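**Q** Okay, here's the structure, questions in a sec.
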2 protein chains.
Amino acid sequence: MRWWGWGDPDHPAALGPEALGFLREHVGVASAPRPPVALANVHVEAPALPDGAQAALRAAVGSEGVRSDHAARVGHAAGRSYTDLLALRAGAPEAAPDAVVYPRERAQVRAVLDLCARHSLAVVPFGGGTSVVGGVAPLRGRHAAVVALDLGGLREIAEVDRTSLTVSVGAGLRAIELERELGGQGLTLGHFPQSFEYVSLGGCAATRSAGQASTGYGRFEDLVLGLDLVAPGGEIEPKAFPATAAGPDLRQLLVGSEGVLGVIAGLELRVRAAPARRLYEGVFFREFAAGVRALRALAQEDAAPSVARLSDEPETTMSLALAGSGGAKGRLGRAYLELRGCEPGCLAILGFEGGEQEVAHRRRRAFELVRRHGGLAVGRSPGRAWAAGRYAAPYLRDELLTHGVMVETLETATRWSNLERLHGGVGGAIAGALEEQGTPGLVMCHVSHLYETGASLYFTFVARQREGAEVAQWRAVKQAACEAIVAGGGTITHHHAVGRDHAPWLEREIGRGGVAALRALKAELDPAGIMNPGKLFSPG
Amino acid sequence: MRWWGWGDPDHPAALGPEALGFLREHVGVASAPRPPVALANVHVEAPALPDGAQAALRAAVGSEGVRSDHAARVGHAAGRSYTDLLALRAGAPEAAPDAVVYPRERAQVRAVLDLCARHSLAVVPFGGGTSVVGGVAPLRGRHAAVVALDLGGLREIAEVDRTSLTVSVGAGLRAIELERELGGQGLTLGHFPQSFEYVSLGGCAATRSAGQASTGYGRFEDLVLGLDLVAPGGEIEPKAFPATAAGPDLRQLLVGSEGVLGVIAGLELRVRAAPARRLYEGVFFREFAAGVRALRALAQEDAAPSVARLSDEPETTMSLALAGSGGAKGRLGRAYLELRGCEPGCLAILGFEGGEQEVAHRRRRAFELVRRHGGLAVGRSPGRAWAAGRYAAPYLRDELLTHGVMVETLETATRWSNLERLHGGVGGAIAGALEEQGTPGLVMCHVSHLYETGASLYFTFVARQREGAEVAQWRAVKQAACEAIVAGGGTITHHHAVGRDHAPWLEREIGRGGVAALRALKAELDPAGIMNPGKLFSPG
């Protein structure tokens with residue numbers, strides 16, 4: 001992964017002249033490109049790992065398993081949030097780990113945690129490094145130093161139990177690697193977050209991830225049958241039963257634990273037959289409210305497709321503008337114009353996956369409901385365009401940053417009866433905060449991840465960066481959005497997790513009692529408080 | 001509810017002469033009926049509630065809210081396990097609560113817990129009193145006395161959010177009461193455990209219940225969107241979001257907490273449109289293994305009906321014998337004989353619930369799969385017979401006890417690849433232990449509650465009681481079954497919960513680390529250790 005941004009260094013640029021023109025017109029761009037500094041010019045403090053700790057780590061994982069070189073430290077200095085990228089590109093990350101430790105097996109994780117507790121070293125579990133909420137920030141808390149525990153060496157895939165459709169994997173395995181392996185066996189995990197190409201499976205569990213097709217395949221928490229937590233104060237390995245009534249569900253306590261209770265070393269996951277058919281289609285709604293009603297009907301009448309997302313008017317407009325002028329965009333643009341004239345409208349993508357027969361049946365039922373709520377099928381072009389670009393947004397973000405454009409996303413979820421009110425409230429708060437910053441922007445949103453009782457709202461906003469005050473600008477908008485979310489009855493996060501950025505709101509979400517319960521668990525599992533300081537909740 | 005057994009005192013006897021003859025022939029019955037003693041002859045120790053505590057409780061909930069009379073104490077002295085019934089019928093419960101306390105609102109629960117902590121009174125939360133694992137045994141632990149906290153006064157039903165399909169209820173509300181209220185609005189909760197007519201919704205949450213239609217509607221844990229735990233050391237009230245990534249799932253920590261962390265006072269639940277159609281049908285399989293393969297295909301190919309259960313050969317034989325000679329039994333018996341000649345076979349019940357169209361579609365798909373695995377549809381009689389008797393087994397148990405017949409059920413779950421091995425292992429262990437007791441019995445089982453990765457096994461066994469050594473007989477068999485379950489890769493309980501009876505096995509199931517985590521939580525939420533002593537796990 002590019003040290004300063006997203007993904008494959010050879011990925012072609014995605015921001016065409018037309019899209020750049022649109023941005024220049026609507027939010028403004030920098031007068032000159034603002035590229036990242038060179039890696040050598042990134043400033044990090046000299047590593048502060050005490051000699052004894054360094055030697056002990058080397059003894060535990062071998063010399064090649066402990067790195068303190070510049071590239072390794074910068075590569076583990078941040079996740080991939082907007083503020084992470086600002087800091088990396090400017091060559092000024094807030095901190096870097098004093099060492100990066102690479103265990104190759106579970107026993108080494110155990111050994112590393114034991115000696116980190118003895119030497120008072122904070123430990124940041126590090127999977128794909130794709131957190132957008134500061135989940136892997138190398139904070140040392142009150143400890144002597146901090147190490148990043150890179151779990152990339154724990155990537156074994158056990159034989160699939162084809163009768164039960166389960167597989168055991170190492171936590172460092174990437175989602176894309178497992179999907180490739182399963183695909184060769186006619187199977188799928190069905191977990192496709194936007195970070196799919198880099199995210200680790202342990203990271204998906206630790207952050208309670210949800211993929212783009214979670215409406216069909218379930219959230220990551222639904223795919224975790226068992227897991228293996230190695231903690232400084234103990235180990236918990238809930239067995240992978242299909243279901244049990246044996247007390248509280250410890251799996252769901254460890255899923256979402258974000259590294260603050262211990263290290264998820266391994267996982268047992270549910271897999272499925274790979275779909276014989278994938279069919280993504282576009283639907284236009286004249287109004288957002290009609291689209292919401294249609295999606296609700298799909299969810300509540302057991303007719304939801306695997307992927308379902310409904311863009312509001314601004315996101316629909318923006319998607320068309322950013323899609324470029326050729327191919328899918330051209331066809332989509334024409335269909336759109338024919339249908340809508342000059343009116344705004346809302347584009348939905350419905351993606352059906354499964355066996356031929358089942359897809360045909362679900363599609364028929366879904367389109368019946370969609371039509372009943374005023375939706376107009378506009379064919380497969382929009383679906384193909386969405387599928388082609390489903391993992392591309394982080395690349396686009398890098399290009400926008402180069403052009404001095406702030407782009408950020410945030411998400412929540414709420415019940416259906418509150419969805420439109422929350423959509424208005426959060427969107428308005430973001431737009432208002434951007435104006436207050438003197439940088440009026442574009443605020444857009446889509447509904448996705450359908451549940452019977454509600455859905456998520458995923459906001460994207462773009463604005464001209466306040467040069468020299470980028471972080472303050474971001475903080476003001478983020479603060480306004482989070483306040484609007486908690487005041488408006490939404491969850492502070494639907495799938496990005498809490499990390500560092502949302503930690504101040506956790507108590508508003510789960511109450512003092514909830515935080516006290518988590519602190520009690522942490523005291524048991526991590527008595528020295530070395531695990532991922534500053535994330536999820538304040539130490540109290 | 002009958003103080004010495006199950007349910008409605010006016011319920012007609014169900015054990016016909018034919019069934020009794022079958023039992024006499026196969027396991028033996030008592031030479032003379034063994035009826036329960038009279039209520040007045042039940043011996044309980046005098047209540048030991050200190051005067052100060054008594055006065056404080058009266059101040060908190062009113063005089064009418066504190067009872068220490070014989071009927072109230074005996075009525076809260078036990079749940080409805082086999083050993084509970086033995087003790088009650090003999091007039092010798094192990095203990096009785098020193099008082100029964102009836103809060104009428106949440107604030108009174110708060111007040112009662114505070115003063116119980118001050119006065120060192122153990123608290124046993126009591127809903128429907130239907131536990132079959134000793135979950136409401138009035139154990140005082142190391143405390144001065146014990147009170148049963150009867151939650152029947154917390155039974156409000158808030159207005160249904162019809163857009164989001166959610167409803168808030170008091171924890172003491174019975175499942176049957178909510179179902180009746182929802183039915184009037186065209187809705188259903190879809191939770192139908194065998195205890196449906198008496199069980200409380202708070203009890204369903206506390207015990208991680210699963211209903212007979214959980215394959216279609218989900219386990220109770222899937223229906224709980226939010227809940228409200230009042231604990232001596234704090235309160236936790238996770239909000240009812242459709243989904244969230246905000247850290248560990250505290251809902252799933254409180255679901256299954258069995259009263260040891262605090263009192264579940266209220267719940268927010270998911271509801272659904274009531275099914276327009278309910279269609280229960282019978283299918284015969286020549287062999288158990290073929291039936292298992294068919295059920296697995298239903299679960300893994302997204303074709304499972306709402307209810308699915310497959311009896312093994314002994315259970316099929318027993319069902320036919322106990323069903324009586326008329327009506328459904330007659331037709332069923334004829335169909336069975338025509339199909340099978342004298343061979344044993346396995347009867348499955350498939351129950352489809354939903355809209356007309358959807359039921360037709362699911363039924364068509366399900367029967368395609370069933371036929372492919374050798375199943376023969378035998379029409380609706382077996383389905384009607386099952387539906388008519390779905391809540392009757394506890395009544396039958398009372399009659400069997402009167403005839404000196406031991407009858408017990410226990411359940412587990414495991415993955416599909418281990419299901420037949422576990423079926424053989426546990427069944428064999430039960431049969432062997434019964435023989436060792438000198439009371440060879442009938443051991444039968446059904447597969448039900450289908451999941452993509454596995455299913456539950458529900459064992460029933462009957463044998464002649466060892467008069468005078470009934471508890472020792474039970475303990476020996478239970479011990480053998482539990483050992484076979486944990487050694488064979490099953491969970492110690494699929495839906496009966498842990499309670500007192502399974503507590504010795506919890507550590508084998510969730511490990512030392514898991515138990516330590518639960519103890520840490522208990523220390524935070526219940527520092528004086530007053531909540532439901534002796535249940536779920538040992539205090540350590």
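As shown in the structure tokens, the chain order sets the letters A, B, ...; within each chain, residues go from 1, and ligands are also counted from 1 in the order they appear.
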Which residues of chain A are close to chain B, meaning at most 6 Å apart when you count only C-alpha atoms, and how do they look as an MDAnalysis selection string?
**A** chainID A and resid 163:165 208 234:236 238 241:242 244:249 252:253 255:257 414:417 453:454 493:495 497:498 510 513:514
**Q** Mind listing the strand (DSSP E) residues of region 48-126 of chain A, per DSSP on the backbone, as a PyMOL selection string?
**A** chain A and resi 66-67+99-101+121-126
**Q** Okay, now the selection with N, CA and C atoms, as a short mmCIF file (atom, residue, chain, number, x, y, z; two decimals), in the first residue's frame?
**A**
```cif
data_model
loop_
_atom_site.label_atom_id
_atom_site.label_comp_id
_atom_site.auth_asym_id
_atom_site.auth_seq_id
_atom_site.Cartn_x
_atom_site.Cartn_y
_atom_site.Cartn_z
N VAL A 66 11.35 -7.94 14.25
CA VAL A 66 11.28 -6.63 14.94
C VAL A 66 11.94 -5.60 14.05
N ARG A 67 11.17 -4.62 13.63
CA ARG A 67 11.74 -3.58 12.76
C ARG A 67 11.57 -2.21 13.38
N ALA A 99 8.63 0.43 17.52
CA ALA A 99 9.04 -0.75 16.75
C ALA A 99 7.80 -1.38 16.14
N VAL A 100 8.00 -2.12 15.07
CA VAL A 100 6.94 -2.92 14.50
C VAL A 100 7.33 -4.38 14.71
N VAL A 101 6.41 -5.14 15.31
CA VAL A 101 6.69 -6.53 15.65
C VAL A 101 5.81 -7.43 14.80
N LEU A 121 5.15 -1.66 27.58
CA LEU A 121 5.05 -1.20 26.19
C LEU A 121 3.59 -1.27 25.75
N ALA A 122 3.09 -0.17 25.24
CA ALA A 122 1.75 -0.20 24.65
C ALA A 122 1.79 -1.01 23.36
N VAL A 123 0.67 -1.67 23.06
CA VAL A 123 0.59 -2.55 21.89
C VAL A 123 -0.59 -2.12 21.02
N VAL A 124 -0.30 -1.83 19.76
CA VAL A 124 -1.37 -1.50 18.81
C VAL A 124 -1.49 -2.64 17.81
N PRO A 125 -2.53 -3.47 17.93
CA PRO A 125 -2.71 -4.53 16.92
C PRO A 125 -2.93 -3.89 15.55
N PHE A 126 -2.27 -4.44 14.53
CA PHE A 126 -2.27 -3.81 13.21
C PHE A 126 -2.54 -4.88 12.16
#
```
**Q** Extract the full set of helix (DSSP H, G or I) residues from region 330-439 of chain B according to DSSP on the backbone, and format it as a PyMOL selection string.
**A** chain B and resi 330-340+356-372+381-388+393-402+416-436
**Q** Go ahead and save the residues from that selection, with C-alpha atoms, as a PDB file, in the first residue's frame.
**A**
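Just written: selection_1.pdb:
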```
ATOM      1  CA  GLY B 330     -54.981 -43.074  12.716  1.00  0.00           C
ATOM      2  CA  ARG B 331     -54.330 -41.411   9.393  1.00  0.00           C
ATOM      3  CA  LEU B 332     -50.686 -40.957  10.167  1.00  0.00           C
ATOM      4  CA  GLY B 333     -50.331 -44.525  11.301  1.00  0.00           C
ATOM      5  CA  ARG B 334     -51.876 -45.782   8.090  1.00  0.00           C
ATOM      6  CA  ALA B 335     -49.668 -43.576   5.935  1.00  0.00           C
ATOM      7  CA  TYR B 336     -46.682 -44.676   7.923  1.00  0.00           C
ATOM      8  CA  LEU B 337     -47.468 -48.341   7.602  1.00  0.00           C
ATOM      9  CA  GLU B 338     -48.162 -48.100   3.921  1.00  0.00           C
ATOM     10  CA  LEU B 339     -44.882 -46.401   3.348  1.00  0.00           C
ATOM     11  CA  ARG B 340     -42.671 -48.318   5.646  1.00  0.00           C
ATOM     12  CA  GLU B 356     -49.463 -16.833   0.498  1.00  0.00           C
ATOM     13  CA  GLN B 357     -47.060 -16.352  -2.389  1.00  0.00           C
ATOM     14  CA  GLU B 358     -43.937 -16.682  -0.306  1.00  0.00           C
ATOM     15  CA  VAL B 359     -45.177 -19.823   1.430  1.00  0.00           C
ATOM     16  CA  ALA B 360     -45.991 -21.350  -1.939  1.00  0.00           C
ATOM     17  CA  HIS B 361     -42.553 -20.485  -3.273  1.00  0.00           C
ATOM     18  CA  ARG B 362     -40.642 -21.687  -0.202  1.00  0.00           C
ATOM     19  CA  ARG B 363     -42.697 -24.863   0.019  1.00  0.00           C
ATOM     20  CA  ARG B 364     -42.009 -25.681  -3.602  1.00  0.00           C
ATOM     21  CA  ARG B 365     -38.282 -25.201  -3.163  1.00  0.00           C
ATOM     22  CA  ALA B 366     -38.213 -27.092   0.131  1.00  0.00           C
ATOM     23  CA  PHE B 367     -40.038 -30.111  -1.225  1.00  0.00           C
ATOM     24  CA  GLU B 368     -37.763 -30.208  -4.254  1.00  0.00           C
ATOM     25  CA  LEU B 369     -34.799 -30.526  -1.916  1.00  0.00           C
ATOM     26  CA  VAL B 370     -36.572 -32.967   0.387  1.00  0.00           C
ATOM     27  CA  ARG B 371     -37.445 -35.272  -2.506  1.00  0.00           C
ATOM     28  CA  ARG B 372     -33.893 -35.083  -3.782  1.00  0.00           C
ATOM     29  CA  SER B 381     -52.038 -34.765   9.328  1.00  0.00           C
ATOM     30  CA  PRO B 382     -48.687 -35.117  11.056  1.00  0.00           C
ATOM     31  CA  GLY B 383     -48.235 -31.350  10.876  1.00  0.00           C
ATOM     32  CA  ARG B 384     -51.647 -30.721  12.380  1.00  0.00           C
ATOM     33  CA  ALA B 385     -50.978 -33.276  15.107  1.00  0.00           C
ATOM     34  CA  TRP B 386     -47.670 -31.650  15.948  1.00  0.00           C
ATOM     35  CA  ALA B 387     -49.192 -28.155  15.975  1.00  0.00           C
ATOM     36  CA  ALA B 388     -52.060 -29.286  18.184  1.00  0.00           C
ATOM     37  CA  ALA B 393     -45.414 -32.092  26.543  1.00  0.00           C
ATOM     38  CA  PRO B 394     -45.113 -30.528  30.025  1.00  0.00           C
ATOM     39  CA  TYR B 395     -48.645 -31.698  30.847  1.00  0.00           C
ATOM     40  CA  LEU B 396     -47.761 -35.176  29.685  1.00  0.00           C
ATOM     41  CA  ARG B 397     -44.690 -35.102  31.911  1.00  0.00           C
ATOM     42  CA  ASP B 398     -46.848 -34.491  34.971  1.00  0.00           C
ATOM     43  CA  GLU B 399     -48.942 -37.526  34.118  1.00  0.00           C
ATOM     44  CA  LEU B 400     -45.879 -39.682  33.538  1.00  0.00           C
ATOM     45  CA  LEU B 401     -44.539 -38.699  36.932  1.00  0.00           C
ATOM     46  CA  THR B 402     -47.814 -39.716  38.490  1.00  0.00           C
ATOM     47  CA  TRP B 416     -23.537 -30.478  10.575  1.00  0.00           C
ATOM     48  CA  SER B 417     -20.344 -32.451  10.112  1.00  0.00           C
ATOM     49  CA  ASN B 418     -20.556 -33.623  13.735  1.00  0.00           C
ATOM     50  CA  LEU B 419     -24.317 -34.021  14.088  1.00  0.00           C
ATOM     51  CA  GLU B 420     -24.763 -37.740  13.556  1.00  0.00           C
ATOM     52  CA  ARG B 421     -21.720 -38.622  15.646  1.00  0.00           C
ATOM     53  CA  LEU B 422     -23.002 -36.493  18.519  1.00  0.00           C
ATOM     54  CA  HIS B 423     -26.486 -37.959  18.128  1.00  0.00           C
ATOM     55  CA  GLY B 424     -25.036 -41.416  18.570  1.00  0.00           C
ATOM     56  CA  GLY B 425     -22.692 -40.452  21.375  1.00  0.00           C
ATOM     57  CA  VAL B 426     -25.201 -38.668  23.570  1.00  0.00           C
ATOM     58  CA  GLY B 427     -28.005 -41.103  22.894  1.00  0.00           C
ATOM     59  CA  GLY B 428     -25.681 -43.974  23.745  1.00  0.00           C
ATOM     60  CA  ALA B 429     -24.503 -42.295  26.938  1.00  0.00           C
ATOM     61  CA  ILE B 430     -28.064 -41.742  28.127  1.00  0.00           C
ATOM     62  CA  ALA B 431     -29.132 -45.279  27.301  1.00  0.00           C
ATOM     63  CA  GLY B 432     -26.033 -46.696  29.001  1.00  0.00           C
ATOM     64  CA  ALA B 433     -26.539 -44.637  32.151  1.00  0.00           C
ATOM     65  CA  LEU B 434     -30.186 -45.694  32.358  1.00  0.00           C
ATOM     66  CA  GLU B 435     -29.153 -49.326  32.099  1.00  0.00           C
ATOM     67  CA  GLU B 436     -26.537 -48.841  34.778  1.00  0.00           C
TER      68      GLU B 436
END
```
**Q** Go through B:Gly184, B:Gly62, B:Gly351, B:Gly468 and flag the residue nearest Val112 (chain B), using only C-alpha atoms for the distances.
**A**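 Smallest distance to Val112 (chain B) is found for B:Gly62.
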**Q** Can you work out which one of B:Val407, B:Val263, B:Gly345, B:Ala308 has the shortest atom-to-atom distance to Phe285 (chain B), counting only C-alpha atoms?
**A**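 Once distances to Phe285 (chain B) are computed over only C-alpha atoms, the minimum belongs to B:Gly345.
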**Q** Would you mind listing what lies within 10 Å of region 315-323 of chain A as a PyMOL selection string, with only C-alpha atoms counted and same-chain residues fewer than 3 positions away left out?
**A** chain A and resi 14-23+284+310-312+326-330+332-333+336+344-348+382+385-386+389+396+442-446+459-461
**Q** Compile the contact shell of region 79-91 of chain A as a ChimeraX atom specification: residues with an atom at most 9 Å away, counting only C-alpha atoms, same-chain residues fewer than 4 positions apart removed.
**A** /A:3-6,34-44,74-75,128-137,394,397-398,401,406-409,470-471,474
**Q** Using the selection just defined, write its residues with N, CA and C atoms as a JSON list (two decimals), in the first residue's frame.
**A**
```json
[["chain", "number", "residue", "atom", "x", "y", "z"],
["A", 3, "TRP", "N", 2.50, 4.45, 1.09],
["A", 3, "TRP", "CA", 2.69, 4.86, 2.48],
["A", 3, "TRP", "C", 1.89, 6.12, 2.82],
["A", 4, "TRP", "N", 1.57, 6.92, 1.84],
["A", 4, "TRP", "CA", 0.91, 8.22, 2.10],
["A", 4, "TRP", "C", -0.57, 8.19, 1.77],
["A", 5, "GLY", "N", -1.07, 7.04, 1.26],
["A", 5, "GLY", "CA", -2.47, 7.04, 0.84],
["A", 5, "GLY", "C", -2.98, 5.64, 0.62],
["A", 6, "TRP", "N", -3.82, 5.50, -0.36],
["A", 6, "TRP", "CA", -4.49, 4.22, -0.56],
["A", 6, "TRP", "C", -3.86, 3.39, -1.65],
["A", 34, "ARG", "N", -1.16, 19.71, -4.49],
["A", 34, "ARG", "CA", -0.49, 19.61, -3.19],
["A", 34, "ARG", "C", -0.08, 18.15, -2.97],
["A", 35, "PRO", "N", 1.00, 17.73, -3.59],
["A", 35, "PRO", "CA", 1.38, 16.31, -3.51],
["A", 35, "PRO", "C", 1.96, 15.98, -2.13],
["A", 36, "PRO", "N", 2.05, 14.70, -1.80],
["A", 36, "PRO", "CA", 2.68, 14.31, -0.54],
["A", 36, "PRO", "C", 4.18, 14.56, -0.58],
["A", 37, "VAL", "N", 4.79, 14.70, 0.60],
["A", 37, "VAL", "CA", 6.25, 14.84, 0.67],
["A", 37, "VAL", "C", 6.88, 13.49, 0.31],
["A", 38, "ALA", "N", 8.17, 13.48, 0.16],
["A", 38, "ALA", "CA", 8.87, 12.21, -0.06],
["A", 38, "ALA", "C", 8.98, 11.45, 1.26],
["A", 39, "LEU", "N", 9.02, 10.13, 1.16],
["A", 39, "LEU", "CA", 9.07, 9.30, 2.37],
["A", 39, "LEU", "C", 10.23, 9.69, 3.28],
["A", 40, "ALA", "N", 11.36, 9.99, 2.66],
["A", 40, "ALA", "CA", 12.56, 10.32, 3.46],
["A", 40, "ALA", "C", 12.34, 11.60, 4.26],
["A", 41, "ASN", "N", 11.42, 12.43, 3.79],
["A", 41, "ASN", "CA", 11.20, 13.71, 4.48],
["A", 41, "ASN", "C", 10.11, 13.65, 5.55],
["A", 42, "VAL", "N", 9.58, 12.47, 5.78],
["A", 42, "VAL", "CA", 8.59, 12.34, 6.86],
["A", 42, "VAL", "C", 9.34, 12.39, 8.19],
["A", 43, "HIS", "N", 8.86, 13.24, 9.08],
["A", 43, "HIS", "CA", 9.54, 13.35, 10.37],
["A", 43, "HIS", "C", 8.88, 12.48, 11.42],
["A", 44, "VAL", "N", 9.65, 11.59, 12.01],
["A", 44, "VAL", "CA", 9.18, 10.86, 13.20],
["A", 44, "VAL", "C", 10.27, 10.93, 14.25],
["A", 74, "VAL", "N", 6.97, 4.46, 9.61],
["A", 74, "VAL", "CA", 6.01, 5.35, 8.93],
["A", 74, "VAL", "C", 4.83, 4.53, 8.40],
["A", 75, "GLY", "N", 5.11, 3.32, 7.93],
["A", 75, "GLY", "CA", 4.05, 2.46, 7.41],
["A", 75, "GLY", "C", 3.05, 2.02, 8.47],
["A", 128, "GLY", "N", -4.75, -4.67, 8.37],
["A", 128, "GLY", "CA", -4.55, -4.04, 7.07],
["A", 128, "GLY", "C", -4.21, -2.56, 7.18],
["A", 129, "GLY", "N", -4.35, -2.01, 8.36],
["A", 129, "GLY", "CA", -4.04, -0.59, 8.54],
["A", 129, "GLY", "C", -5.03, 0.33, 7.86],
["A", 130, "THR", "N", -6.26, -0.13, 7.67],
["A", 130, "THR", "CA", -7.21, 0.65, 6.88],
["A", 130, "THR", "C", -8.21, 1.46, 7.72],
["A", 131, "SER", "N", -8.03, 1.47, 9.04],
["A", 131, "SER", "CA", -8.97, 2.20, 9.90],
["A", 131, "SER", "C", -9.16, 3.64, 9.43],
["A", 132, "VAL", "N", -10.41, 4.09, 9.41],
["A", 132, "VAL", "CA", -10.67, 5.49, 9.09],
["A", 132, "VAL", "C", -11.12, 6.27, 10.33],
["A", 133, "VAL", "N", -10.90, 5.70, 11.51],
["A", 133, "VAL", "CA", -11.31, 6.38, 12.75],
["A", 133, "VAL", "C", -10.16, 6.43, 13.77],
["A", 134, "GLY", "N", -8.92, 6.32, 13.27],
["A", 134, "GLY", "CA", -7.79, 6.39, 14.19],
["A", 134, "GLY", "C", -7.59, 5.14, 15.02],
["A", 135, "GLY", "N", -8.09, 4.01, 14.53],
["A", 135, "GLY", "CA", -8.02, 2.77, 15.31],
["A", 135, "GLY", "C", -6.62, 2.23, 15.50],
["A", 136, "VAL", "N", -5.68, 2.61, 14.65],
["A", 136, "VAL", "CA", -4.32, 2.10, 14.78],
["A", 136, "VAL", "C", -3.31, 3.21, 15.11],
["A", 137, "ALA", "N", -3.82, 4.33, 15.58],
["A", 137, "ALA", "CA", -2.90, 5.42, 15.95],
["A", 137, "ALA", "C", -1.93, 4.91, 17.02],
["A", 394, "PRO", "N", -11.38, 5.28, -2.22],
["A", 394, "PRO", "CA", -10.18, 5.74, -1.50],
["A", 394, "PRO", "C", -9.10, 6.26, -2.44],
["A", 397, "ARG", "N", -10.11, 9.74, -3.27],
["A", 397, "ARG", "CA", -9.84, 10.64, -2.15],
["A", 397, "ARG", "C", -8.41, 11.17, -2.23],
["A", 398, "ASP", "N", -7.46, 10.27, -2.52],
["A", 398, "ASP", "CA", -6.07, 10.73, -2.62],
["A", 398, "ASP", "C", -5.93, 11.83, -3.66],
["A", 401, "LEU", "N", -7.36, 15.11, -2.42],
["A", 401, "LEU", "CA", -6.44, 15.78, -1.48],
["A", 401, "LEU", "C", -5.33, 16.51, -2.23],
["A", 406, "MET", "N", -11.08, 18.72, 0.51],
["A", 406, "MET", "CA", -11.38, 17.88, 1.65],
["A", 406, "MET", "C", -12.49, 16.91, 1.24],
["A", 407, "VAL", "N", -12.31, 15.63, 1.57],
["A", 407, "VAL", "CA", -13.40, 14.69, 1.35],
["A", 407, "VAL", "C", -13.43, 13.75, 2.55],
["A", 408, "GLU", "N", -14.60, 13.57, 3.09],
["A", 408, "GLU", "CA", -14.73, 12.73, 4.29],
["A", 408, "GLU", "C", -16.06, 11.99, 4.22],
["A", 409, "THR", "N", -16.07, 10.83, 4.84],
["A", 409, "THR", "CA", -17.30, 10.06, 4.92],
["A", 409, "THR", "C", -17.58, 9.74, 6.37],
["A", 470, "GLU", "N", -6.37, 22.58, 8.07],
["A", 470, "GLU", "CA", -7.15, 21.43, 7.60],
["A", 470, "GLU", "C", -7.73, 20.62, 8.76],
["A", 471, "VAL", "N", -6.93, 20.42, 9.79],
["A", 471, "VAL", "CA", -7.40, 19.57, 10.89],
["A", 471, "VAL", "C", -8.51, 20.28, 11.67],
["A", 474, "TRP", "N", -11.65, 20.06, 9.71],
["A", 474, "TRP", "CA", -12.24, 18.71, 9.81],
["A", 474, "TRP", "C", -12.89, 18.52, 11.17]]
```
**Q** Do you know which residues are at most 10 Å from Ala111 (chain A) counting only C-alpha atoms, after dropping those on the same chain fewer than 3 positions away, and could you put them as a list in words?
**A** Ala56, Leu57, Ala59, Ala60, Val61, Pro103, Arg106, Ala107, Gln108, Asp114, Leu115, Cys116 and Pro232 of chain A
**Q** From the list A:Glu45, A:Glu507, A:Glu268, A:Glu313, which residue is nearest Val447 (chain A) when using only C-alpha atoms?
**A** A:Glu313
